[in-house]
$ cat my_file-v4.txt   # compact mmCIF, C-alpha atoms (C1' of nucleotides)
# COMPACT_ATOMS: atom_id res chain seq x y z
CA MET T 85 68.21 -62.01 9.18
CA GLN T 86 67.62 -58.31 9.44
CA ASN T 87 64.14 -57.09 8.66
CA ASP T 88 64.58 -53.78 10.35
CA ARG T 89 67.68 -52.11 9.14
CA THR T 90 67.74 -48.89 11.09
CA GLY T 91 65.24 -49.67 13.76
CA GLU T 92 62.29 -48.49 11.70
CA SER T 93 59.60 -50.73 10.32
CA LEU T 94 59.78 -51.61 6.66
CA LEU T 95 56.06 -52.17 6.43
CA PHE T 96 55.86 -49.18 4.10
CA LEU T 97 57.65 -51.25 1.46
CA THR T 98 55.03 -53.99 1.17
CA ASP T 99 53.44 -54.83 -2.18
CA GLU T 100 50.18 -53.45 -0.87
CA GLN T 101 51.80 -50.13 0.01
CA LEU T 102 53.39 -49.93 -3.43
CA ARG T 103 50.14 -50.76 -5.16
CA GLN T 104 48.42 -48.02 -3.20
CA GLY T 105 51.09 -45.58 -4.31
CA ILE T 106 50.60 -46.57 -7.93
CA GLU T 107 46.86 -46.10 -7.73
CA ALA T 108 47.24 -42.84 -5.85
CA MET T 109 49.44 -41.51 -8.65
CA PHE T 110 46.91 -42.59 -11.25
CA PHE T 111 43.89 -41.01 -9.56
CA ALA T 112 45.73 -37.91 -8.40
CA TYR T 113 47.07 -37.16 -11.86
CA ARG T 114 43.51 -37.08 -13.10
CA GLY T 115 42.69 -34.44 -10.50
CA PHE T 116 45.89 -32.62 -11.27
CA THR T 117 44.93 -32.06 -14.92
CA ALA T 118 41.15 -31.78 -14.54
CA ASP T 119 40.88 -28.05 -13.83
CA PRO T 120 43.23 -26.76 -16.56
CA ASP T 121 41.64 -29.21 -19.02
CA ARG T 122 38.26 -27.60 -18.50
CA ILE T 123 39.67 -24.16 -19.27
CA LEU T 124 41.69 -25.35 -22.25
CA GLU T 125 38.60 -26.90 -23.80
CA LYS T 126 36.94 -23.51 -24.00
CA TYR T 127 39.83 -22.19 -26.11
CA ASN T 128 40.22 -25.39 -28.15
CA TYR T 129 43.66 -26.08 -26.76
CA GLY T 130 44.95 -29.26 -25.18
CA ARG T 131 47.34 -30.34 -22.48
CA ALA T 132 50.23 -30.07 -24.90
CA HIS T 133 49.55 -26.35 -25.27
CA HIS T 134 49.37 -25.95 -21.54
CA ARG T 135 52.70 -27.67 -20.98
CA ALA T 136 54.42 -25.59 -23.64
CA MET T 137 53.04 -22.37 -22.20
CA HIS T 138 53.93 -23.37 -18.67
CA PHE T 139 57.59 -23.87 -19.46
CA ILE T 140 57.89 -20.90 -21.82
CA ASN T 141 56.56 -18.84 -18.96
CA ARG T 142 58.93 -20.52 -16.57
CA VAL T 143 62.00 -20.10 -18.78
CA PRO T 144 61.33 -17.00 -20.88
CA GLY T 145 63.55 -16.85 -23.93
CA THR T 146 64.21 -20.58 -23.99
CA ASN T 147 65.14 -21.96 -27.37
CA VAL T 148 63.26 -24.78 -29.03
CA ASN T 149 65.84 -27.46 -28.29
CA ASN T 150 65.80 -26.77 -24.59
CA LEU T 151 62.02 -26.86 -24.50
CA LEU T 152 62.09 -30.18 -26.33
CA LYS T 153 64.32 -31.66 -23.65
CA ILE T 154 62.04 -30.46 -20.88
CA LEU T 155 58.86 -31.68 -22.52
CA GLY T 156 60.25 -34.95 -23.83
CA VAL T 157 58.46 -34.91 -27.18
CA THR T 158 59.61 -34.76 -30.78
CA LYS T 159 60.15 -31.48 -32.54
CA GLN T 160 57.33 -32.31 -34.95
CA SER T 161 54.95 -32.73 -32.07
CA LEU T 162 56.06 -29.54 -30.35
CA ASN T 163 56.08 -27.65 -33.63
CA ARG T 164 52.42 -28.34 -34.22
CA VAL T 165 51.60 -26.87 -30.84
CA LEU T 166 53.93 -23.88 -31.16
CA ARG T 167 52.55 -23.04 -34.59
CA THR T 168 49.04 -22.61 -33.24
CA LEU T 169 50.25 -20.69 -30.20
CA ILE T 170 52.19 -18.29 -32.43
CA GLN T 171 49.30 -17.93 -34.88
CA ASP T 172 46.98 -17.14 -31.99
CA GLU T 173 49.50 -14.62 -30.65
CA LEU T 174 50.04 -16.32 -27.32
CA VAL T 175 53.73 -16.91 -28.04
CA THR T 176 56.34 -14.91 -29.95
CA LEU T 177 59.63 -15.95 -31.50
CA LYS T 178 62.79 -13.90 -31.38
CA ILE T 179 65.75 -14.89 -33.49
CA GLY T 180 68.89 -15.25 -31.41
CA THR T 181 71.38 -12.38 -31.53
CA LYS T 182 74.42 -14.47 -30.66
CA ASP T 183 73.38 -17.57 -32.63
CA ARG T 184 70.88 -16.64 -35.27
CA ARG T 185 69.78 -20.23 -35.83
CA GLU T 186 68.10 -20.25 -32.47
CA ARG T 187 64.53 -19.18 -31.87
CA HIS T 188 63.83 -17.78 -28.44
CA LEU T 189 60.33 -18.21 -27.14
CA TYR T 190 58.29 -15.76 -25.08
CA LEU T 191 54.70 -15.49 -23.96
CA THR T 192 52.85 -12.42 -25.20
CA ASP T 193 50.62 -10.51 -22.79
CA LYS T 194 47.73 -12.56 -24.12
CA GLY T 195 49.77 -15.71 -23.53
CA LYS T 196 50.70 -14.66 -20.02
CA SER T 197 47.08 -14.02 -19.27
CA LEU T 198 45.96 -17.50 -20.32
CA GLU T 199 48.92 -19.12 -18.60
CA LYS T 200 47.99 -17.29 -15.42
CA GLN T 201 44.45 -18.54 -15.68
CA LEU T 202 45.62 -22.12 -16.11
CA SER T 203 48.21 -22.08 -13.38
CA THR T 204 45.81 -20.40 -10.99
CA ALA T 205 43.30 -23.18 -11.50
CA GLN T 206 45.92 -25.89 -11.14
CA SER T 207 47.58 -24.25 -8.15
CA HIS T 208 44.28 -23.79 -6.42
CA ARG T 209 43.74 -27.52 -6.12
CA MET T 210 47.30 -28.08 -5.03
CA ARG T 211 47.11 -25.28 -2.49
CA GLU T 212 44.01 -26.80 -0.95
CA ALA T 213 45.70 -30.20 -0.82
CA TYR T 214 48.83 -28.70 0.75
CA ARG T 215 46.80 -26.73 3.26
CA ARG T 216 44.85 -29.78 4.35
CA VAL T 217 47.84 -32.03 4.91
CA GLY T 218 50.40 -29.57 6.23
CA PRO T 219 54.03 -28.76 5.48
CA ASP T 220 55.63 -32.04 6.54
CA ALA T 221 53.43 -34.06 4.22
CA VAL T 222 54.25 -31.64 1.40
CA THR T 223 57.95 -32.17 1.98
CA GLY T 224 57.47 -35.93 1.78
CA PHE T 225 55.32 -35.59 -1.30
CA LYS T 226 58.06 -33.73 -3.16
CA GLN T 227 60.78 -36.07 -1.96
CA VAL T 228 59.02 -39.14 -3.30
CA LEU T 229 58.18 -37.49 -6.61
CA GLU T 230 61.76 -36.36 -7.07
CA ALA T 231 63.04 -39.84 -6.30
CA MET T 232 60.71 -41.30 -8.92
CA MET T 233 62.01 -39.15 -11.76
CA ASP T 234 64.45 -40.38 -14.37
CA PRO T 235 67.89 -39.05 -13.42
CA LYS T 236 68.06 -36.67 -16.37
CA LEU T 237 64.67 -35.22 -15.60
CA GLN T 238 65.65 -34.90 -11.99
CA VAL T 239 68.49 -32.66 -13.11
CA THR T 240 66.12 -30.65 -15.28
CA TYR T 241 63.72 -30.34 -12.36
CA LYS T 242 66.42 -29.10 -10.03
CA LYS T 243 67.69 -26.60 -12.57
CA LEU T 244 64.23 -25.13 -12.85
CA ARG T 245 64.02 -24.88 -9.08
CA SER T 246 67.17 -22.88 -8.78
CA SER T 247 66.59 -20.56 -11.71
CA MET W 1235 46.98 -9.73 10.07
CA GLN W 1236 47.69 -13.34 10.75
CA ASN W 1237 50.27 -15.03 8.55
CA ASP W 1238 50.90 -17.86 10.91
CA ARG W 1239 47.74 -19.57 11.89
CA THR W 1240 48.85 -22.33 14.17
CA GLY W 1241 52.38 -21.26 14.88
CA GLU W 1242 53.75 -23.00 11.83
CA SER W 1243 55.15 -21.19 8.83
CA LEU W 1244 52.96 -20.98 5.77
CA LEU W 1245 55.95 -20.68 3.48
CA PHE W 1246 55.02 -24.03 1.97
CA LEU W 1247 52.01 -22.39 0.38
CA THR W 1248 53.91 -19.84 -1.72
CA ASP W 1249 53.44 -19.69 -5.48
CA GLU W 1250 56.97 -20.98 -5.89
CA GLN W 1251 56.23 -24.02 -3.73
CA LEU W 1252 53.07 -24.74 -5.68
CA ARG W 1253 54.84 -24.39 -9.00
CA GLN W 1254 57.47 -26.84 -7.84
CA GLY W 1255 54.77 -29.29 -6.90
CA ILE W 1256 53.19 -28.95 -10.33
CA GLU W 1257 56.48 -29.58 -12.08
CA ALA W 1258 57.32 -32.45 -9.78
CA MET W 1259 54.04 -34.12 -10.67
CA PHE W 1260 54.74 -33.63 -14.36
CA PHE W 1261 58.26 -35.05 -14.31
CA ALA W 1262 57.49 -37.81 -11.85
CA TYR W 1263 54.55 -39.07 -13.85
CA ARG W 1264 56.89 -39.55 -16.77
CA GLY W 1265 59.11 -41.74 -14.62
CA PHE W 1266 56.09 -43.50 -13.22
CA THR W 1267 54.98 -44.71 -16.65
CA ALA W 1268 58.37 -45.13 -18.31
CA ASP W 1269 59.17 -48.70 -17.24
CA PRO W 1270 55.81 -50.31 -18.03
CA ASP W 1271 55.72 -48.40 -21.32
CA ARG W 1272 58.93 -50.08 -22.43
CA ILE W 1273 57.50 -53.51 -21.72
CA LEU W 1274 54.15 -52.75 -23.33
CA GLU W 1275 55.88 -51.65 -26.51
CA LYS W 1276 57.33 -55.12 -26.98
CA TYR W 1277 53.83 -56.62 -26.95
CA ASN W 1278 52.26 -53.82 -29.00
CA TYR W 1279 50.06 -52.69 -26.17
CA GLY W 1280 49.62 -49.23 -24.71
CA ARG W 1281 48.98 -47.61 -21.37
CA ALA W 1282 45.26 -48.15 -21.77
CA HIS W 1283 45.84 -51.89 -21.82
CA HIS W 1284 48.00 -51.65 -18.75
CA ARG W 1285 45.41 -49.70 -16.81
CA ALA W 1286 42.64 -52.11 -17.72
CA MET W 1287 44.74 -55.12 -16.71
CA HIS W 1288 45.80 -53.48 -13.47
CA PHE W 1289 42.27 -52.92 -12.25
CA ILE W 1290 40.91 -56.23 -13.55
CA ASN W 1291 43.67 -57.85 -11.53
CA ARG W 1292 42.86 -55.67 -8.58
CA VAL W 1293 39.11 -56.30 -8.68
CA PRO W 1294 38.69 -59.74 -10.26
CA GLY W 1295 35.20 -60.28 -11.59
CA THR W 1296 34.43 -56.57 -11.91
CA ASN W 1297 31.78 -55.73 -14.46
CA VAL W 1298 32.38 -53.33 -17.31
CA ASN W 1299 30.47 -50.43 -15.80
CA ASN W 1300 32.47 -50.51 -12.61
CA LEU W 1301 35.70 -50.60 -14.59
CA LEU W 1302 34.50 -47.63 -16.65
CA LYS W 1303 33.99 -45.61 -13.48
CA ILE W 1304 37.44 -46.43 -12.21
CA LEU W 1305 39.19 -45.69 -15.49
CA GLY W 1306 37.18 -42.63 -16.42
CA VAL W 1307 36.87 -43.32 -20.14
CA THR W 1308 33.97 -44.07 -22.46
CA LYS W 1309 32.73 -47.59 -22.99
CA GLN W 1310 33.74 -47.40 -26.64
CA SER W 1311 37.27 -46.58 -25.69
CA LEU W 1312 37.45 -49.32 -23.08
CA ASN W 1313 35.77 -51.77 -25.39
CA ARG W 1314 38.46 -51.45 -28.02
CA VAL W 1315 41.09 -52.26 -25.42
CA LEU W 1316 39.10 -55.14 -23.90
CA ARG W 1317 38.49 -56.64 -27.33
CA THR W 1318 42.20 -56.98 -28.04
CA LEU W 1319 42.91 -58.27 -24.53
CA ILE W 1320 40.22 -60.93 -24.94
CA GLN W 1321 41.36 -61.85 -28.45
CA ASP W 1322 44.89 -62.25 -27.17
CA GLU W 1323 43.60 -64.36 -24.29
CA LEU W 1324 44.83 -62.09 -21.52
CA VAL W 1325 41.31 -61.44 -20.24
CA THR W 1326 38.21 -63.61 -20.10
CA LEU W 1327 34.56 -62.67 -19.81
CA LYS W 1328 32.06 -64.50 -17.68
CA ILE W 1329 28.40 -63.69 -18.07
CA GLY W 1330 26.81 -62.85 -14.74
CA THR W 1331 24.78 -65.57 -13.11
CA LYS W 1332 22.58 -63.23 -11.11
CA ASP W 1333 22.29 -60.56 -13.80
CA ARG W 1334 23.09 -62.10 -17.13
CA ARG W 1335 23.57 -58.72 -18.84
CA GLU W 1336 26.69 -58.13 -16.88
CA ARG W 1337 30.08 -59.29 -18.04
CA HIS W 1338 32.53 -60.12 -15.32
CA LEU W 1339 36.16 -59.66 -16.19
CA TYR W 1340 39.09 -61.83 -15.15
CA LEU W 1341 42.72 -62.11 -16.09
CA THR W 1342 43.79 -65.42 -17.60
CA ASP W 1343 47.06 -66.99 -16.46
CA LYS W 1344 48.69 -65.36 -19.45
CA GLY W 1345 47.12 -62.05 -18.43
CA LYS W 1346 48.25 -62.45 -14.84
CA SER W 1347 51.74 -63.11 -16.04
CA LEU W 1348 51.95 -59.92 -18.10
CA GLU W 1349 50.29 -57.89 -15.38
CA LYS W 1350 52.85 -59.19 -12.92
CA GLN W 1351 55.64 -58.19 -15.24
CA LEU W 1352 54.25 -54.67 -15.59
CA SER W 1353 53.51 -54.13 -11.93
CA THR W 1354 56.89 -55.48 -10.94
CA ALA W 1355 58.61 -52.95 -13.19
CA GLN W 1356 56.46 -50.10 -11.96
CA SER W 1357 56.74 -51.11 -8.32
CA HIS W 1358 60.47 -51.42 -8.56
CA ARG W 1359 60.90 -47.73 -9.25
CA MET W 1360 58.45 -46.80 -6.54
CA ARG W 1361 60.09 -49.13 -4.05
CA GLU W 1362 63.45 -47.52 -4.70
CA ALA W 1363 61.94 -44.09 -4.26
CA TYR W 1364 60.20 -45.12 -1.03
CA ARG W 1365 63.34 -46.72 0.29
CA ARG W 1366 65.44 -43.64 -0.38
CA VAL W 1367 63.10 -41.18 1.29
CA GLY W 1368 61.76 -43.22 4.18
CA PRO W 1369 58.33 -43.96 5.65
CA ASP W 1370 57.41 -40.47 6.83
CA ALA W 1371 57.92 -39.01 3.37
CA VAL W 1372 55.84 -41.83 1.90
CA THR W 1373 53.00 -41.01 4.27
CA GLY W 1374 53.13 -37.38 3.19
CA PHE W 1375 53.29 -38.38 -0.45
CA LYS W 1376 50.08 -40.38 -0.20
CA GLN W 1377 48.32 -37.75 1.85
CA VAL W 1378 48.93 -35.05 -0.74
CA LEU W 1379 47.95 -37.28 -3.64
CA GLU W 1380 44.75 -38.30 -1.92
CA ALA W 1381 43.91 -34.67 -1.19
CA MET W 1382 44.41 -33.80 -4.85
CA MET W 1383 41.88 -36.33 -6.16
CA ASP W 1384 38.38 -35.45 -7.22
CA PRO W 1385 36.03 -36.40 -4.37
CA LYS W 1386 34.45 -39.25 -6.33
CA LEU W 1387 37.80 -40.73 -7.26
CA GLN W 1388 38.91 -40.37 -3.67
CA VAL W 1389 36.02 -42.62 -2.71
CA THR W 1390 36.96 -45.09 -5.43
CA TYR W 1391 40.56 -45.04 -4.24
CA LYS W 1392 39.58 -45.71 -0.65
CA LYS W 1393 37.27 -48.54 -1.65
CA LEU W 1394 40.13 -50.22 -3.48
CA ARG W 1395 42.32 -49.83 -0.42
CA SER W 1396 39.91 -51.56 1.88
CA SER W 1397 38.94 -54.37 -0.47
C1' DT C 1228 4.52 -56.43 -21.29
C1' DT C 1229 6.94 -52.54 -21.61
C1' DG C 1230 10.56 -49.34 -20.08
C1' DG C 1231 15.02 -48.80 -18.97
C1' DA C 1232 19.62 -50.55 -17.82
C1' DA C 1233 23.87 -52.99 -19.20
C1' DT C 1234 26.42 -54.09 -22.85
C1' DG C 1235 28.38 -54.38 -27.54
C1' DT C 1236 29.38 -52.46 -31.95
C1' DC C 1237 29.76 -49.51 -36.11
C1' DA C 1238 31.31 -45.17 -37.93
C1' DA C 1239 33.58 -40.92 -37.89
C1' DC C 1240 36.60 -37.86 -35.91
C1' DA C 1241 40.40 -35.36 -33.21
C1' DA C 1242 44.42 -34.70 -30.27
C1' DG C 1243 48.76 -35.81 -29.70
C1' DA C 1244 52.30 -38.76 -29.96
C1' DC C 1245 55.60 -41.16 -33.35
C1' DT C 1246 59.06 -42.05 -37.64
C1' DG C 1247 61.26 -40.74 -41.80
C1' DA C 1248 62.66 -37.61 -45.19
C1' DC C 1249 63.87 -33.24 -46.84
C1' DG C 1250 65.11 -28.20 -46.82
C1' DT C 1251 67.31 -23.98 -45.17
C1' DA C 1252 70.11 -21.11 -42.71
C1' DA C 1253 73.87 -20.37 -39.80
C1' DA C 1254 77.65 -21.70 -37.13
C1' DA C 1255 81.64 -24.46 -36.39
C1' DT C 1256 85.44 -26.72 -38.04
C1' DA C 1257 88.73 -28.96 -41.08
C1' DT V 497 87.41 -21.54 -48.18
C1' DA V 498 84.92 -25.75 -48.25
C1' DT V 499 82.60 -29.05 -45.60
C1' DT V 500 80.12 -30.64 -41.81
C1' DT V 501 77.17 -30.02 -38.04
C1' DT V 502 73.50 -27.79 -35.63
C1' DA V 503 68.93 -25.62 -35.07
C1' DC V 504 64.81 -25.41 -36.77
C1' DG V 505 60.79 -26.04 -39.80
C1' DT V 506 57.76 -28.87 -42.57
C1' DC V 507 55.45 -32.55 -45.27
C1' DA V 508 53.56 -37.09 -45.13
C1' DG V 509 52.02 -41.04 -42.99
C1' DT V 510 50.95 -43.91 -38.90
C1' DC V 511 49.39 -45.21 -34.20
C1' DT V 512 47.04 -44.96 -29.71
C1' DT V 513 43.63 -43.29 -27.20
C1' DG V 514 40.26 -40.54 -26.43
C1' DT V 515 35.58 -38.48 -28.09
C1' DT V 516 30.14 -38.43 -30.05
C1' DG V 517 26.31 -40.39 -32.04
C1' DA V 518 23.46 -44.06 -33.47
C1' DC V 519 21.67 -48.49 -33.11
C1' DA V 520 20.99 -53.54 -31.60
C1' DT V 521 20.57 -56.99 -28.09
C1' DT V 522 19.57 -58.86 -23.81
C1' DC V 523 17.05 -59.02 -19.83
C1' DC V 524 15.66 -57.23 -15.10
C1' DA V 525 11.93 -55.14 -12.83
C1' DA V 526 7.79 -52.55 -12.32
$ encode --input "my_file-v4.txt" --output "structure tokens"
Amino acid sequence: MQNDRTGESLLFLTDEQLRQGIEAMFFAYRGFTADPDRILEKYNYGRAHHRAMHFINRVPGTNVNNLLKILGVTKQSLNRVLRTLIQDELVTLKIGTKDRRERHLYLTDKGKSLEKQLSTAQSHRMREAYRRVGPDAVTGFKQVLEAMMDPKLQVTYKKLRSS
Amino acid sequence: MQNDRTGESLLFLTDEQLRQGIEAMFFAYRGFTADPDRILEKYNYGRAHHRAMHFINRVPGTNVNNLLKILGVTKQSLNRVLRTLIQDELVTLKIGTKDRRERHLYLTDKGKSLEKQLSTAQSHRMREAYRRVGPDAVTGFKQVLEAMMDPKLQVTYKKLRSS
DNA sequence: TTGGAATGTCAACAAGACTGACGTAAAATA
DNA sequence: TATTTTACGTCAGTCTTGTTGACATTCCAA
């Protein structure tokens, strides 16, 4: 019987450890969204708007299909959000030159400004957390998160990293 | 000008690093909820039911107010969920003996069984992630998450740990 | 005995997700 | 050239989960 495969304790794999991880994810995600949520409320937007803006900013000129894959929602759901963002002049569409069926999405200056506000707020909390725990903990944090992703999303995540 | 406070690089605090952390949280949370969601769908329950069952299981006999604090929703919202769980005989109420206004919540055997199913599915993914990255990464993972929580939730989280 | 706390419940509403169906334009292909 | 597929938009309807506000009940404690 081998309880200790490589000489290291496997105590970190107990049910209690796993339950703690689950609860940590739950409570931390609340903190993670709290600051942007407060800003979004002032403008009558929601998390869905934030997510769309984040990734349009991250991948300027993305088409709708690609954004759908990243966000993991239906086109009807995304369309509702995009419609308001375009109406409010935070996002612009450009029809593709190569394939004119495609709509390429960009943030306007106004959109960039709000996105900056949101990401600053969200980053601030994460920066503080990072600073408190140090670089090694941050490395571990990202490794676990990456390992928890669905394989397809892991690919998406890595593509974003290297772009 | 001091870019290197304690001799360690502060490269882990760049905007790019923070953005990666934000996206990792977003994608990982999808994976985190994916497995339970699939099970819940079969029973026509949602994430709200899962969360309630998780913490009732975790703190058997909790009263409604305490559960509200943990979950961070309104009593009306929680009540809707509790009503269906009680109707379906997954949860039982016991009126407090000391303070008879209070309702103490417990999972029934049926409730425990479903909760077990859900937590097993969710733990399985986390266990795999933990196993792949090793104990040091797991420590870092939890440290960052804990540092990202709102102070009050951090207290709640710690209380659950030590109970 | 009265005030306030804990709880439940009704109603109305909104965000944000979903499915299904349909339409249009453009590209790809047979 | 004709047909099919792709990309996108939109209308309609539904569901879950959250919200506020109002009101009733029970009952502890001052």
$ atom_distance --input "my_file-v4.txt" --atom1 "atom CA of W:Leu1348" --atom2 "atom CA of W:Arg1314"
18.8 Å
$ residues_around --input "my_file-v4.txt" --residues "stretch 1255-1258 of chain W" --least-positions-apart "3" --cutoff "7 Å" --atoms "only C-alpha atoms (C1' of nucleotides)" --output "number ranges by chain"
T: 226, 229-230; W: 1251-1252, 1261-1262
$ calpha_fit_and_write --input "my_file-v4.txt" --fixed "chain W" --moving "chain T" --output "compact mmCIF listing (two decimals) with C-alpha atoms, keeping the file's coordinate frame"
# COMPACT_ATOMS: atom_id res chain seq x y z
CA MET T 85 46.71 -9.89 10.48
CA GLN T 86 47.53 -13.52 11.02
CA ASN T 87 50.11 -15.03 8.74
CA ASP T 88 50.80 -17.98 10.95
CA ARG T 89 47.62 -19.67 11.89
CA THR T 90 48.77 -22.49 14.09
CA GLY T 91 52.26 -21.39 14.84
CA GLU T 92 53.71 -23.06 11.76
CA SER T 93 55.14 -21.24 8.80
CA LEU T 94 53.00 -21.00 5.71
CA LEU T 95 55.99 -20.68 3.44
CA PHE T 96 55.06 -24.03 1.92
CA LEU T 97 52.04 -22.36 0.33
CA THR T 98 53.97 -19.85 -1.78
CA ASP T 99 53.48 -19.69 -5.55
CA GLU T 100 57.00 -20.99 -5.96
CA GLN T 101 56.26 -24.02 -3.79
CA LEU T 102 53.10 -24.73 -5.76
CA ARG T 103 54.88 -24.38 -9.07
CA GLN T 104 57.51 -26.82 -7.89
CA GLY T 105 54.78 -29.28 -6.96
CA ILE T 106 53.22 -28.95 -10.39
CA GLU T 107 56.51 -29.58 -12.14
CA ALA T 108 57.35 -32.44 -9.81
CA MET T 109 54.06 -34.12 -10.73
CA PHE T 110 54.76 -33.63 -14.41
CA PHE T 111 58.29 -35.05 -14.35
CA ALA T 112 57.51 -37.81 -11.87
CA TYR T 113 54.57 -39.07 -13.89
CA ARG T 114 56.92 -39.55 -16.80
CA GLY T 115 59.12 -41.74 -14.63
CA PHE T 116 56.10 -43.50 -13.24
CA THR T 117 54.99 -44.73 -16.68
CA ALA T 118 58.40 -45.14 -18.33
CA ASP T 119 59.19 -48.70 -17.24
CA PRO T 120 55.81 -50.31 -18.02
CA ASP T 121 55.73 -48.41 -21.33
CA ARG T 122 58.94 -50.08 -22.42
CA ILE T 123 57.50 -53.52 -21.71
CA LEU T 124 54.15 -52.76 -23.31
CA GLU T 125 55.86 -51.67 -26.51
CA LYS T 126 57.32 -55.12 -26.97
CA TYR T 127 53.82 -56.64 -26.95
CA ASN T 128 52.24 -53.82 -28.99
CA TYR T 129 50.05 -52.72 -26.12
CA GLY T 130 49.64 -49.25 -24.68
CA ARG T 131 49.01 -47.60 -21.36
CA ALA T 132 45.29 -48.13 -21.78
CA HIS T 133 45.85 -51.89 -21.80
CA HIS T 134 48.01 -51.65 -18.74
CA ARG T 135 45.41 -49.69 -16.80
CA ALA T 136 42.64 -52.10 -17.72
CA MET T 137 44.74 -55.09 -16.71
CA HIS T 138 45.82 -53.45 -13.48
CA PHE T 139 42.28 -52.91 -12.27
CA ILE T 140 40.91 -56.22 -13.55
CA ASN T 141 43.66 -57.82 -11.53
CA ARG T 142 42.85 -55.63 -8.58
CA VAL T 143 39.10 -56.27 -8.71
CA PRO T 144 38.70 -59.72 -10.26
CA GLY T 145 35.21 -60.28 -11.58
CA THR T 146 34.43 -56.58 -11.93
CA ASN T 147 31.78 -55.76 -14.47
CA VAL T 148 32.34 -53.37 -17.34
CA ASN T 149 30.43 -50.47 -15.82
CA ASN T 150 32.47 -50.52 -12.65
CA LEU T 151 35.70 -50.61 -14.61
CA LEU T 152 34.51 -47.65 -16.66
CA LYS T 153 33.98 -45.62 -13.51
CA ILE T 154 37.44 -46.44 -12.22
CA LEU T 155 39.19 -45.69 -15.49
CA GLY T 156 37.16 -42.63 -16.40
CA VAL T 157 36.89 -43.34 -20.12
CA THR T 158 34.01 -44.05 -22.46
CA LYS T 159 32.77 -47.55 -23.07
CA GLN T 160 33.83 -47.30 -26.71
CA SER T 161 37.35 -46.51 -25.66
CA LEU T 162 37.49 -49.29 -23.09
CA ASN T 163 35.82 -51.72 -25.47
CA ARG T 164 38.56 -51.33 -28.03
CA VAL T 165 41.13 -52.24 -25.41
CA LEU T 166 39.13 -55.11 -23.92
CA ARG T 167 38.51 -56.60 -27.35
CA THR T 168 42.22 -56.97 -28.02
CA LEU T 169 42.91 -58.27 -24.53
CA ILE T 170 40.20 -60.92 -24.92
CA GLN T 171 41.35 -61.85 -28.43
CA ASP T 172 44.89 -62.25 -27.13
CA GLU T 173 43.60 -64.36 -24.24
CA LEU T 174 44.84 -62.09 -21.49
CA VAL T 175 41.31 -61.44 -20.23
CA THR T 176 38.18 -63.60 -20.07
CA LEU T 177 34.53 -62.67 -19.78
CA LYS T 178 32.02 -64.50 -17.64
CA ILE T 179 28.35 -63.74 -17.99
CA GLY T 180 26.79 -62.86 -14.65
CA THR T 181 24.76 -65.58 -12.93
CA LYS T 182 22.55 -63.21 -10.95
CA ASP T 183 22.23 -60.56 -13.68
CA ARG T 184 22.98 -62.06 -17.03
CA ARG T 185 23.43 -58.68 -18.71
CA GLU T 186 26.64 -58.17 -16.82
CA ARG T 187 30.03 -59.30 -18.04
CA HIS T 188 32.52 -60.13 -15.33
CA LEU T 189 36.15 -59.66 -16.19
CA TYR T 190 39.09 -61.82 -15.15
CA LEU T 191 42.73 -62.08 -16.08
CA THR T 192 43.78 -65.41 -17.56
CA ASP T 193 47.04 -66.99 -16.42
CA LYS T 194 48.68 -65.35 -19.42
CA GLY T 195 47.11 -62.05 -18.39
CA LYS T 196 48.25 -62.42 -14.81
CA SER T 197 51.74 -63.11 -16.00
CA LEU T 198 51.96 -59.93 -18.07
CA GLU T 199 50.29 -57.88 -15.35
CA LYS T 200 52.86 -59.18 -12.90
CA GLN T 201 55.65 -58.18 -15.22
CA LEU T 202 54.26 -54.67 -15.57
CA SER T 203 53.53 -54.11 -11.92
CA THR T 204 56.91 -55.47 -10.93
CA ALA T 205 58.63 -52.96 -13.17
CA GLN T 206 56.47 -50.09 -11.95
CA SER T 207 56.74 -51.10 -8.30
CA HIS T 208 60.48 -51.43 -8.55
CA ARG T 209 60.91 -47.74 -9.24
CA MET T 210 58.46 -46.81 -6.53
CA ARG T 211 60.11 -49.14 -4.05
CA GLU T 212 63.47 -47.54 -4.69
CA ALA T 213 61.95 -44.08 -4.27
CA TYR T 214 60.22 -45.12 -1.04
CA ARG T 215 63.36 -46.73 0.30
CA ARG T 216 65.44 -43.65 -0.37
CA VAL T 217 63.11 -41.18 1.30
CA GLY T 218 61.77 -43.24 4.18
CA PRO T 219 58.34 -43.98 5.64
CA ASP T 220 57.39 -40.48 6.80
CA ALA T 221 57.92 -39.01 3.35
CA VAL T 222 55.84 -41.84 1.88
CA THR T 223 53.00 -41.02 4.23
CA GLY T 224 53.11 -37.38 3.16
CA PHE T 225 53.30 -38.36 -0.48
CA LYS T 226 50.09 -40.37 -0.23
CA GLN T 227 48.32 -37.72 1.80
CA VAL T 228 48.94 -35.02 -0.78
CA LEU T 229 47.96 -37.26 -3.68
CA GLU T 230 44.75 -38.27 -1.96
CA ALA T 231 43.91 -34.64 -1.24
CA MET T 232 44.41 -33.78 -4.91
CA MET T 233 41.90 -36.32 -6.20
CA ASP T 234 38.39 -35.43 -7.27
CA PRO T 235 36.06 -36.40 -4.42
CA LYS T 236 34.46 -39.24 -6.36
CA LEU T 237 37.80 -40.71 -7.28
CA GLN T 238 38.91 -40.35 -3.71
CA VAL T 239 36.03 -42.60 -2.73
CA THR T 240 36.97 -45.07 -5.44
CA TYR T 241 40.57 -45.00 -4.25
CA LYS T 242 39.59 -45.68 -0.67
CA LYS T 243 37.29 -48.51 -1.66
CA LEU T 244 40.13 -50.18 -3.48
CA ARG T 245 42.33 -49.79 -0.43
CA SER T 246 39.93 -51.54 1.85
CA SER T 247 38.97 -54.36 -0.48
$ closest_atom_pairs --input "my_file-v4.txt" --of "chain T" --to "chain V" --cutoff "8 Å" --atoms "all atoms listed in the file" --output "JSON lines"
{"residue": "T:Val148", "atom": "CA", "partner": "V:DC504", "partner_atom": "C1'", "distance": 7.9}
{"residue": "T:Asn149", "atom": "CA", "partner": "V:DA503", "partner_atom": "C1'", "distance": 7.7}
{"residue": "T:Asn163", "atom": "CA", "partner": "V:DG505", "partner_atom": "C1'", "distance": 7.9}
{"residue": "T:Arg185", "atom": "CA", "partner": "V:DA503", "partner_atom": "C1'", "distance": 5.5}
{"residue": "T:Glu186", "atom": "CA", "partner": "V:DA503", "partner_atom": "C1'", "distance": 6.0}
{"residue": "T:Arg187", "atom": "CA", "partner": "V:DC504", "partner_atom": "C1'", "distance": 7.9}
